Every structure is written in C-alpha cells, then in structure tokens.
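S.K.: Structure: run06.tsv, TSV, C-alpha atoms.
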chain	number	residue	atom	x	y	z
A	5	MET	CA	115.31	125.89	24.80
A	6	LEU	CA	118.74	127.49	24.93
A	7	GLY	CA	120.53	129.48	22.24
A	8	VAL	CA	124.27	129.33	21.57
A	9	PRO	CA	124.91	132.15	19.07
A	10	SER	CA	128.52	131.26	18.32
A	11	SER	CA	130.39	130.89	15.05
A	12	ALA	CA	133.85	130.97	16.65
A	13	GLY	CA	134.61	127.40	15.58
A	14	ALA	CA	132.88	127.66	12.21
A	15	TYR	CA	134.33	128.48	8.80
A	16	CYS	CA	133.06	132.07	8.82
A	17	VAL	CA	130.42	134.28	10.40
A	18	GLY	CA	126.75	133.40	9.92
A	19	VAL	CA	125.76	130.48	12.09
A	20	GLU	CA	125.73	132.66	15.20
A	21	ARG	CA	122.47	134.10	13.81
A	22	ALA	CA	120.73	130.72	13.78
A	23	PRO	CA	119.07	130.83	17.25
A	24	ALA	CA	117.40	134.14	16.45
A	25	ALA	CA	116.38	132.93	12.99
A	26	LEU	CA	114.70	129.81	14.35
A	27	ARG	CA	112.80	131.82	16.91
A	28	GLU	CA	111.77	134.32	14.22
A	29	ALA	CA	110.56	131.40	12.10
A	30	GLY	CA	108.05	130.66	14.87
A	31	LEU	CA	109.65	127.67	16.62
A	32	VAL	CA	108.52	128.58	20.14
A	33	ASP	CA	104.95	129.46	19.17
A	34	ALA	CA	104.64	126.36	16.98
A	35	LEU	CA	105.78	124.09	19.80
A	36	ARG	CA	103.31	125.66	22.19
A	37	ALA	CA	100.52	125.43	19.65
A	38	ALA	CA	101.27	121.71	19.35
A	39	GLY	CA	100.82	121.28	23.09
A	40	ALA	CA	104.39	121.43	24.33
A	41	GLU	CA	105.31	123.38	27.45
A	42	VAL	CA	108.27	125.53	26.40
A	43	VAL	CA	110.67	127.46	28.60
A	44	ASP	CA	112.91	129.69	26.51
A	45	ALA	CA	116.07	130.20	28.55
A	46	GLY	CA	117.43	132.79	26.13
A	47	ASP	CA	120.89	132.95	24.60
A	48	LEU	CA	124.41	132.48	25.89
A	49	THR	CA	127.29	134.76	24.87
A	50	THR	CA	127.51	135.75	21.22
A	51	ARG	CA	130.87	134.75	19.74
A	52	ARG	CA	131.72	135.45	16.10
A	53	TRP	CA	134.34	133.83	13.91
A	54	LEU	CA	137.45	135.90	13.28
A	55	PRO	CA	140.41	134.98	11.05
A	56	ASP	CA	142.88	133.59	13.59
A	57	ARG	CA	146.22	134.05	11.87
A	58	GLU	CA	148.20	133.07	14.97
A	59	SER	CA	146.48	129.68	15.22
A	60	PRO	CA	145.41	128.84	11.66
A	61	PHE	CA	144.87	125.11	12.27
A	62	ALA	CA	142.73	125.51	15.42
A	63	GLN	CA	141.10	128.87	14.92
A	64	ASN	CA	139.56	130.77	17.83
A	65	LEU	CA	140.42	127.96	20.24
A	66	ASP	CA	140.11	130.09	23.38
A	67	ALA	CA	136.64	131.24	22.34
A	68	GLU	CA	135.58	127.66	21.65
A	69	VAL	CA	136.82	126.51	25.04
A	70	ALA	CA	134.90	129.32	26.73
A	71	ALA	CA	131.76	128.48	24.73
A	72	ALA	CA	131.96	124.78	25.65
A	73	VAL	CA	132.36	125.54	29.34
A	74	GLU	CA	129.52	128.07	29.32
A	75	LEU	CA	127.16	125.72	27.51
A	76	SER	CA	127.97	122.69	29.65
A	77	THR	CA	127.33	124.69	32.82
A	78	ALA	CA	124.09	126.23	31.57
A	79	ALA	CA	122.77	123.00	30.07
A	80	ALA	CA	123.52	120.98	33.20
A	81	GLY	CA	121.26	123.36	35.10
A	82	LEU	CA	118.44	122.84	32.60
A	83	LEU	CA	118.53	119.08	32.14
A	84	ALA	CA	115.86	117.43	34.25
A	85	GLU	CA	114.01	114.13	34.32
A	86	GLY	CA	110.83	114.25	32.26
A	87	GLU	CA	111.96	117.27	30.26
A	88	ARG	CA	113.87	117.75	27.00
A	89	LEU	CA	116.53	120.34	26.27
A	90	LEU	CA	116.74	121.87	22.79
A	91	VAL	CA	120.02	123.70	22.13
A	92	LEU	CA	120.05	126.04	19.14
A	93	GLY	CA	123.60	126.53	17.79
A	94	GLY	CA	125.84	127.82	16.51
A	95	SER	CA	128.65	125.63	15.31
A	96	CYS	CA	128.65	121.85	15.77
A	97	THR	CA	130.80	122.05	18.86
A	98	VAL	CA	127.52	122.54	20.76
A	99	ALA	CA	127.42	118.74	20.84
A	100	LEU	CA	130.47	118.81	23.13
A	101	GLY	CA	128.65	121.07	25.57
A	102	MET	CA	125.56	118.87	25.56
A	103	CYS	CA	127.58	115.74	26.31
A	104	ALA	CA	129.55	117.54	29.02
A	105	ALA	CA	126.29	118.65	30.61
A	106	MET	CA	125.16	115.03	30.82
A	107	ALA	CA	128.42	114.15	32.55
A	108	SER	CA	127.91	117.01	35.01
A	109	CYS	CA	124.53	115.49	35.85
A	110	GLY	CA	126.21	112.21	36.75
A	111	GLN	CA	125.26	110.49	33.50
A	112	ARG	CA	127.44	108.70	30.97
A	113	PRO	CA	127.28	110.86	27.80
A	114	ARG	CA	125.94	109.21	24.67
A	115	VAL	CA	125.11	110.86	21.34
A	116	VAL	CA	123.51	110.06	18.00
A	117	TYR	CA	125.42	112.38	15.67
A	118	MET	CA	123.29	113.19	12.62
A	119	ASP	CA	125.73	114.76	10.19
A	120	ARG	CA	127.07	114.45	6.67
A	121	HIS	CA	130.57	114.56	8.17
A	122	LEU	CA	132.36	112.63	10.91
A	123	ASP	CA	134.03	115.66	12.55
A	124	LEU	CA	136.99	113.49	13.55
A	125	ASN	CA	139.72	115.74	12.22
A	126	THR	CA	142.32	117.36	14.45
A	127	PRO	CA	144.54	120.43	14.02
A	128	HIS	CA	147.23	117.98	12.89
A	129	SER	CA	145.16	115.95	10.41
A	130	THR	CA	143.81	118.82	8.30
A	131	THR	CA	144.72	122.36	7.31
A	132	GLU	CA	141.10	123.56	7.37
A	133	GLY	CA	141.40	124.98	10.89
A	134	SER	CA	137.67	124.93	11.67
A	135	LEU	CA	137.02	123.37	15.07
A	136	SER	CA	133.43	122.64	14.06
A	137	TRP	CA	134.96	119.94	11.81
A	138	MET	CA	136.78	118.50	14.81
A	139	GLY	CA	134.25	118.24	17.61
A	140	MET	CA	134.04	114.46	17.92
A	141	ALA	CA	137.83	114.13	17.69
A	142	HIS	CA	138.02	116.24	20.83
A	143	ALA	CA	135.17	114.36	22.53
A	144	LEU	CA	137.11	111.13	21.97
A	145	ALA	CA	140.46	112.76	22.87
A	146	LEU	CA	142.09	111.53	19.67
A	147	ASP	CA	145.81	111.96	19.08
A	148	GLY	CA	146.51	115.49	17.87
A	149	ALA	CA	143.40	117.06	19.37
A	150	ALA	CA	143.89	120.40	21.14
A	151	PRO	CA	144.36	119.61	24.86
A	152	GLU	CA	142.69	122.86	25.89
A	153	LEU	CA	139.40	121.78	24.30
A	154	VAL	CA	139.76	118.11	25.20
A	155	GLY	CA	140.00	118.97	28.89
A	156	ALA	CA	137.73	122.00	28.92
A	157	THR	CA	134.81	120.38	30.72
A	158	GLY	CA	136.65	118.00	33.03
A	159	ARG	CA	135.87	114.51	31.70
A	160	VAL	CA	138.61	113.04	29.48
A	161	PRO	CA	137.68	111.48	27.18
A	162	LEU	CA	134.22	112.98	27.11
A	163	LEU	CA	132.92	110.05	25.03
A	164	ASP	CA	133.83	106.41	24.81
A	165	PRO	CA	133.72	105.03	21.24
A	166	SER	CA	130.70	102.86	22.12
A	167	ASP	CA	128.79	106.00	23.12
A	168	LEU	CA	128.97	107.68	19.70
A	169	VAL	CA	127.05	106.63	16.60
A	170	TYR	CA	126.80	108.49	13.31
A	171	LEU	CA	123.56	108.80	11.36
A	172	GLY	CA	123.59	110.09	7.78
A	173	ALA	CA	127.34	110.35	7.24
A	174	ASP	CA	128.64	110.37	3.67
A	175	ALA	CA	131.65	108.29	4.58
A	176	THR	CA	132.94	107.91	1.01
A	177	ARG	CA	132.93	111.50	-0.27
A	178	GLU	CA	132.82	113.82	2.73
A	179	THR	CA	135.48	112.33	5.00
A	180	THR	CA	139.26	112.43	5.17
A	181	GLY	CA	141.55	109.42	5.19
A	182	TRP	CA	142.43	110.22	8.81
A	183	GLU	CA	138.76	110.12	9.79
A	184	ARG	CA	138.13	106.80	8.07
A	185	GLN	CA	141.12	105.35	9.87
A	186	GLN	CA	139.75	106.53	13.22
A	187	VAL	CA	136.42	104.85	12.49
A	188	ALA	CA	138.24	101.59	11.83
A	189	ASP	CA	140.67	101.87	14.71
A	190	HIS	CA	138.03	102.74	17.32
A	191	GLY	CA	135.18	100.63	15.98
A	192	LEU	CA	132.85	103.60	15.59
A	193	ALA	CA	129.32	102.84	14.44
A	194	VAL	CA	128.13	104.52	11.23
A	195	VAL	CA	124.61	104.31	9.79
A	196	ASP	CA	125.31	106.02	6.49
A	197	GLN	CA	123.57	108.51	4.26
A	198	ALA	CA	122.11	105.89	1.93
A	199	ALA	CA	120.48	104.06	4.83
A	200	LEU	CA	119.05	107.29	6.24
A	201	CYS	CA	117.52	108.30	2.90
A	202	ALA	CA	116.12	104.83	2.15
A	203	ASP	CA	114.45	104.24	5.53
A	204	PRO	CA	114.72	107.16	7.96
A	205	ARG	CA	112.91	105.52	10.85
A	206	GLY	CA	114.69	102.21	10.42
A	207	ALA	CA	118.05	103.95	10.20
A	208	ALA	CA	117.28	105.89	13.37
A	209	ARG	CA	116.41	102.67	15.20
A	210	ARG	CA	119.68	101.11	14.00
A	211	ALA	CA	121.61	104.14	15.25
A	212	ARG	CA	119.96	104.04	18.66
A	213	GLY	CA	120.53	100.30	18.87
A	214	ALA	CA	124.25	100.77	18.22
A	215	LEU	CA	124.61	102.87	21.40
A	216	THR	CA	125.02	101.45	24.85
A	217	SER	CA	121.79	101.58	26.82
A	218	GLY	CA	120.99	104.64	28.90
A	219	PRO	CA	120.28	108.35	28.43
A	220	PHE	CA	121.45	109.95	25.19
A	221	VAL	CA	121.19	113.15	23.18
A	222	VAL	CA	120.87	113.82	19.45
A	223	HIS	CA	122.94	116.29	17.49
A	224	LEU	CA	121.66	117.56	14.13
A	225	ASP	CA	124.08	119.25	11.75
A	226	VAL	CA	121.79	120.65	9.08
A	227	ASP	CA	124.39	120.00	6.40
A	228	VAL	CA	123.22	116.38	6.55
A	229	LEU	CA	120.32	117.63	4.40
A	230	ASP	CA	120.18	117.81	0.62
A	231	PHE	CA	121.21	121.43	0.06
A	232	LEU	CA	118.82	121.81	-2.88
A	233	ASP	CA	115.87	120.77	-0.73
A	234	ALA	CA	117.08	122.84	2.21
A	235	PRO	CA	119.71	125.50	1.39
A	236	ILE	CA	120.22	126.37	5.04
A	237	ALA	CA	123.65	124.98	5.97
A	238	GLU	CA	126.97	126.73	6.26
A	239	ASN	CA	128.48	123.93	4.15
A	240	VAL	CA	127.05	124.10	0.61
A	241	ASN	CA	128.65	120.94	-0.81
A	242	GLY	CA	125.73	118.62	-0.14
A	243	ARG	CA	123.82	119.17	-3.34
A	244	ASN	CA	121.62	116.38	-4.69
A	245	SER	CA	122.49	114.03	-1.83
A	246	GLY	CA	121.28	113.52	1.68
A	247	PRO	CA	117.75	113.44	3.11
A	248	THR	CA	115.12	116.09	2.62
A	249	ILE	CA	113.84	117.93	5.68
A	250	ALA	CA	110.80	115.65	5.66
A	251	LEU	CA	112.91	112.48	5.71
A	252	ALA	CA	115.26	113.82	8.39
A	253	GLY	CA	112.22	114.75	10.45
A	254	GLN	CA	111.06	111.13	10.44
A	255	ALA	CA	114.43	110.01	11.80
A	256	LEU	CA	114.36	112.70	14.50
A	257	ALA	CA	110.84	111.71	15.54
A	258	GLU	CA	111.96	108.09	15.93
A	259	LEU	CA	114.90	109.09	18.13
A	260	LEU	CA	113.07	111.67	20.23
A	261	ARG	CA	110.22	109.32	21.03
A	262	GLU	CA	112.67	107.29	23.12
A	263	PRO	CA	112.19	107.98	26.85
A	264	ASP	CA	115.97	107.95	27.31
A	265	CYS	CA	116.47	110.85	24.87
A	266	TRP	CA	117.30	113.89	26.97
A	267	GLY	CA	117.22	116.36	24.09
A	268	MET	CA	118.98	117.57	20.99
A	269	SER	CA	121.26	120.25	19.62
A	270	ILE	CA	121.27	121.89	16.20
A	271	GLY	CA	124.33	123.25	14.43
A	272	GLN	CA	125.69	124.85	11.25
A	273	LEU	CA	122.51	126.66	10.14
A	274	ASP	CA	123.26	129.84	8.18
A	275	PRO	CA	120.21	132.12	7.91
A	276	ALA	CA	121.81	134.02	5.00
A	277	HIS	CA	121.74	130.86	2.90
A	278	ALA	CA	118.18	130.12	4.03
A	279	THR	CA	116.93	133.28	2.31
A	280	ALA	CA	117.35	131.44	-1.00
A	281	ASP	CA	114.25	129.38	-0.15
A	282	PRO	CA	111.76	131.14	2.15
A	283	SER	CA	110.01	127.83	2.79
A	284	ALA	CA	113.08	126.07	4.19
A	285	LEU	CA	113.12	127.35	7.77
A	286	PRO	CA	109.34	126.98	8.20
A	287	ARG	CA	109.64	123.39	6.95
A	288	LEU	CA	112.47	122.73	9.39
A	289	VAL	CA	110.41	124.22	12.22
A	290	SER	CA	107.49	121.95	11.28
A	291	ALA	CA	109.76	118.90	11.32
A	292	LEU	CA	111.22	119.84	14.70
A	293	VAL	CA	107.76	120.44	16.16
A	294	ALA	CA	106.51	117.09	14.86
A	295	ALA	CA	109.48	115.37	16.48
A	296	LEU	CA	109.50	117.28	19.77
A	297	ALA	CA	105.91	118.09	20.63
A	298	THR	CA	104.57	114.55	20.35
A	299	THR	CA	107.15	112.94	22.65
In structure tokens, write the structure found in this file.
M.R.:
Amino acid sequence: MLGVPSSAGAYCVGVERAPAALREAGLVDALRAAGAEVVDAGDLTTRRWLPDRESPFAQNLDAEVAAAVELSTAAAGLLAEGERLLVLGGSCTVALGMCAAMASCGQRPRVVYMDRHLDLNTPHSTTEGSLSWMGMAHALALDGAAPELVGATGRVPLLDPSDLVYLGADATRETTGWERQQVADHGLAVVDQAALCADPRGAARRARGALTSGPFVVHLDVDVLDFLDAPIAENVNGRNSGPTIALAGQALAELLREPDCWGMSIGQLDPAHATADPSALPRLVSALVAALATT
C-alpha cells in the first residue's frame, strides 16, 4: 500500500487527505483481519492544489510531473510477482504513475479505468484547467496534451488505445465533444454506466475482455459512484446515477480475482465530503477488503 497525498492536479484542495482518511477508516487493519499480508509503504510527497494563474489551462503542471515521476519510481520498486499494489490517491493522475511503473518493470501497461468521466481532455480542448480531467489524454499522447507530462516517465505514448478500457463512464452526460471524438477516432472501448449498474460482474468481465491479454491494473475514481449513496468524491455532480459502493465492489472483486491484475489505484476521494455520511468510508473499506483480501 502506497499513499499519494496530492491534489495538485485536482480542482481544489481536499483529495490529498484521502490516504490518511482511508487508513483512519481502518483499511490496513481490515485487510489484515481478512487474512491479507499488508505492507504499508507510507506516503509520497504531499502536494496541494494552488490557483495557478500563470497556467490556467494546465494548472500546477510542474507539480503533476514531479508527482508522476515520484510515483512511477516508487511503484516500480514495489510491484512484484504474486503481490498486489494498492495506491491511495490523490487525484486521478495516479493512474499515469501506475502505468508508468508497469513499463519500468518491462511490462506493457494496461488499465481498466473505472470512472464516470473519460479524462481525455487536454489544455486545448477545455478551459477547466484540472489535469485530473486529462490523465488519459496524456497517457495516449493526444494532440494538445502537455508535452512535459506526456514525456515525464519516458514511454511515449504510455498507453496504446487497445490497452485502455473504460468501465462505468457516463458517455452521454459527463463527457465533452472532444472526448467523444477521441473515443471514435482511436477505437477506445467503453463499458458504460448503465452496464455497470445492471450487471457489475458481467460488465467487469466485458471490460477485462476488451483489453489485450497480459498484466493490467485497475483505476477507481470514486466519482463513478452515485453521490447520494456515497458522498465521498471531489466531483459532486453524480447524484442519482452510477453504482452504489456495493455494486462497484462486485465489479472490483471480479477484476481483482484475475491473476494478471497487478493492483489498483484510487483517486478523487474528498474526506470533507465524506463527513456527510459517516457510513460511507467504512462501506468503501469493506468493499475494498472484499475485493482485495480474497484474491
């Protein structure tokens, strides 16, 4: 287990507190109680979001580059055959570091990206400026992506289109026209939100089947969840849609039971929002334990 307490690429401060909040919610003890052998490798550098007025469309880019390099280096040293790595973010750019770590280990990076959003925007396709909304655009080295982040970890592009599949995306309401065009142009696989909610395990199997064979990792952006069931995400727009924690947990269990799954990362969890429902983080911990400790 490795913490990445960074909100540099997020929309505001908050998600950098997620690693500590998950530990405080009993994640380590619960995993051990379920029979898992857990090595807590601690946290990497804390990086907080600041309003970047000099680079409003790619805010805190230097900090994000540094975070990606630090994570990829640390994670590469922790990935090992027969073990799983759990990365607690932080913003969704932790997925870049996980994929880069696989490349450093001599593996072709592959990822099941469990998110309400596609994160295919670039500093030129949107005025939002949050790099956490752009992670997969940089992994694929799309036109308009920031070259500093694209080339930060050495492999360009970090992902081939056949090595990325989305699970749980709301491709009609929560995507931009640019993103939808990239899906079409690059033939990206999307198992959508409706499929995930209707049959979590079946949707997870479809997502895994859409990837090329070989080792892969899972990224969970907690804003894939119905915000009313789990008010824990930085993004609060997902009300009354998306899976509950229990449904998402079934999908995670299906993915993590695969021998080729090397681990998972978690992003966009805001502990301040989680205080609205004291049961939310314990329920998330239970779902993570059920998925991780039985594999």
S.K.: When you look at A:Arg21 with a cut-off of 10 Å (counting all atoms listed in the file), what residues show up, excluding the ones that are within fewer than 3 positions of it in the same chain? I need them as a PDB file with C-alpha atoms, keeping the file's coordinate frame.
M.R.:
ATOM      1  CA  GLY A   7     120.530 129.480  22.240  1.00  0.00           C
ATOM      2  CA  VAL A   8     124.270 129.330  21.570  1.00  0.00           C
ATOM      3  CA  PRO A   9     124.910 132.150  19.070  1.00  0.00           C
ATOM      4  CA  SER A  10     128.520 131.260  18.320  1.00  0.00           C
ATOM      5  CA  SER A  11     130.390 130.890  15.050  1.00  0.00           C
ATOM      6  CA  VAL A  17     130.420 134.280  10.400  1.00  0.00           C
ATOM      7  CA  GLY A  18     126.750 133.400   9.920  1.00  0.00           C
ATOM      8  CA  ALA A  24     117.400 134.140  16.450  1.00  0.00           C
ATOM      9  CA  ALA A  25     116.380 132.930  12.990  1.00  0.00           C
ATOM     10  CA  LEU A  26     114.700 129.810  14.350  1.00  0.00           C
ATOM     11  CA  THR A  50     127.510 135.750  21.220  1.00  0.00           C
ATOM     12  CA  ARG A  52     131.720 135.450  16.100  1.00  0.00           C
ATOM     13  CA  LEU A  92     120.050 126.040  19.140  1.00  0.00           C
ATOM     14  CA  GLY A  93     123.600 126.530  17.790  1.00  0.00           C
ATOM     15  CA  GLY A  94     125.840 127.820  16.510  1.00  0.00           C
ATOM     16  CA  LEU A 273     122.510 126.660  10.140  1.00  0.00           C
ATOM     17  CA  ASP A 274     123.260 129.840   8.180  1.00  0.00           C
ATOM     18  CA  PRO A 275     120.210 132.120   7.910  1.00  0.00           C
ATOM     19  CA  ALA A 276     121.810 134.020   5.000  1.00  0.00           C
TER      20      ALA A 276
END
S.K.: Quick one: of A:Leu146, A:Arg57, A:Arg51, A:Ala99, who's nearest to A:Met268, counting only C-alpha atoms?
M.R.: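 Closest residue, counting only C-alpha atoms: A:Ala99.
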S.K.: May I ask for the distance between atom CA of A:Leu285 and atom CA of A:Gly81, given in Å to one decimal place?
M.R.: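 Value for the atom CA of A:Leu285-atom CA of A:Gly81 distance: 28.8 Å.
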S.K.: Give me, as a tab-separated table, the closest atom pair and its distance (Å, one decimal) for every residue of stretch 99-142 of chain A within a cut-off of 10 Å of stretch 164-179 of chain A, counting all atoms listed in the file, rows sorted by chain and rising number.
M.R.:
residue	atom	partner	partner_atom	distance
A:Arg112	CA	A:Asp167	CA	8.4
A:Pro113	CA	A:Asp167	CA	6.9
A:Arg114	CA	A:Asp167	CA	4.6
A:Val115	CA	A:Leu168	CA	5.3
A:Val116	CA	A:Val169	CA	5.1
A:Tyr117	CA	A:Tyr170	CA	4.8
A:Met118	CA	A:Leu171	CA	4.6
A:Asp119	CA	A:Ala173	CA	5.5
A:Arg120	CA	A:Ala173	CA	4.1
A:His121	CA	A:Ala173	CA	5.4
A:Leu122	CA	A:Ala173	CA	6.6
A:Asp123	CA	A:Thr179	CA	8.4
A:Leu124	CA	A:Thr179	CA	8.8
A:Asn125	CA	A:Thr179	CA	9.0
A:Met140	CA	A:Leu168	CA	8.7
S.K.: Once you count all atoms listed in the file, which residues end up no further than 12 Å from (150.0, 116.8, 17.0) in the file's frame, shown as a list in words?
M.R.: Phe61, Ala62, Asn125, Thr126, Pro127, His128, Ser129, Thr130, Ala145, Leu146, Asp147, Gly148, Ala149, Ala150 and Pro151 of chain A
S.K.: Would you mind exporting the chosen residues as a compact mmCIF listing (two decimals), in the coordinates of the input, restricted to C-alpha atoms?
M.R.:
# COMPACT_ATOMS: atom_id res chain seq x y z
CA PHE A 61 144.87 125.11 12.27
CA ALA A 62 142.73 125.51 15.42
CA ASN A 125 139.72 115.74 12.22
CA THR A 126 142.32 117.36 14.45
CA PRO A 127 144.54 120.43 14.02
CA HIS A 128 147.23 117.98 12.89
CA SER A 129 145.16 115.95 10.41
CA THR A 130 143.81 118.82 8.30
CA ALA A 145 140.46 112.76 22.87
CA LEU A 146 142.09 111.53 19.67
CA ASP A 147 145.81 111.96 19.08
CA GLY A 148 146.51 115.49 17.87
CA ALA A 149 143.40 117.06 19.37
CA ALA A 150 143.89 120.40 21.14
CA PRO A 151 144.36 119.61 24.86
S.K.: Calculated over only C-alpha atoms, which of the candidates A:Ile236, A:Ala255, A:Leu288, A:Val228 has the smallest distance to A:Val19?
M.R.: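 Nearest to A:Val19: A:Ile236.
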S.K.: Identify, on the basis of only C-alpha atoms, every residue whose closest approach to A:Ile270 does not exceed 9 Å; exclude the query and any residue fewer than 5 positions from it along the same chain; express the result as a list in words.
M.R.: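 Once the nearby chain positions are removed, what remains is Leu90, Val91, Leu92, Gly93, Gly94, Ser95, Cys96, Val98, Ala99, Val222, His223, Leu224, Asp225 and Val226 of chain A.
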S.K.: What does the structure give for the distance between atom CA of A:Gly191 and atom CA of A:Ala141, in Å to one decimal?
M.R.: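 Separation of atom CA of A:Gly191 and atom CA of A:Ala141: 13.9 Å.
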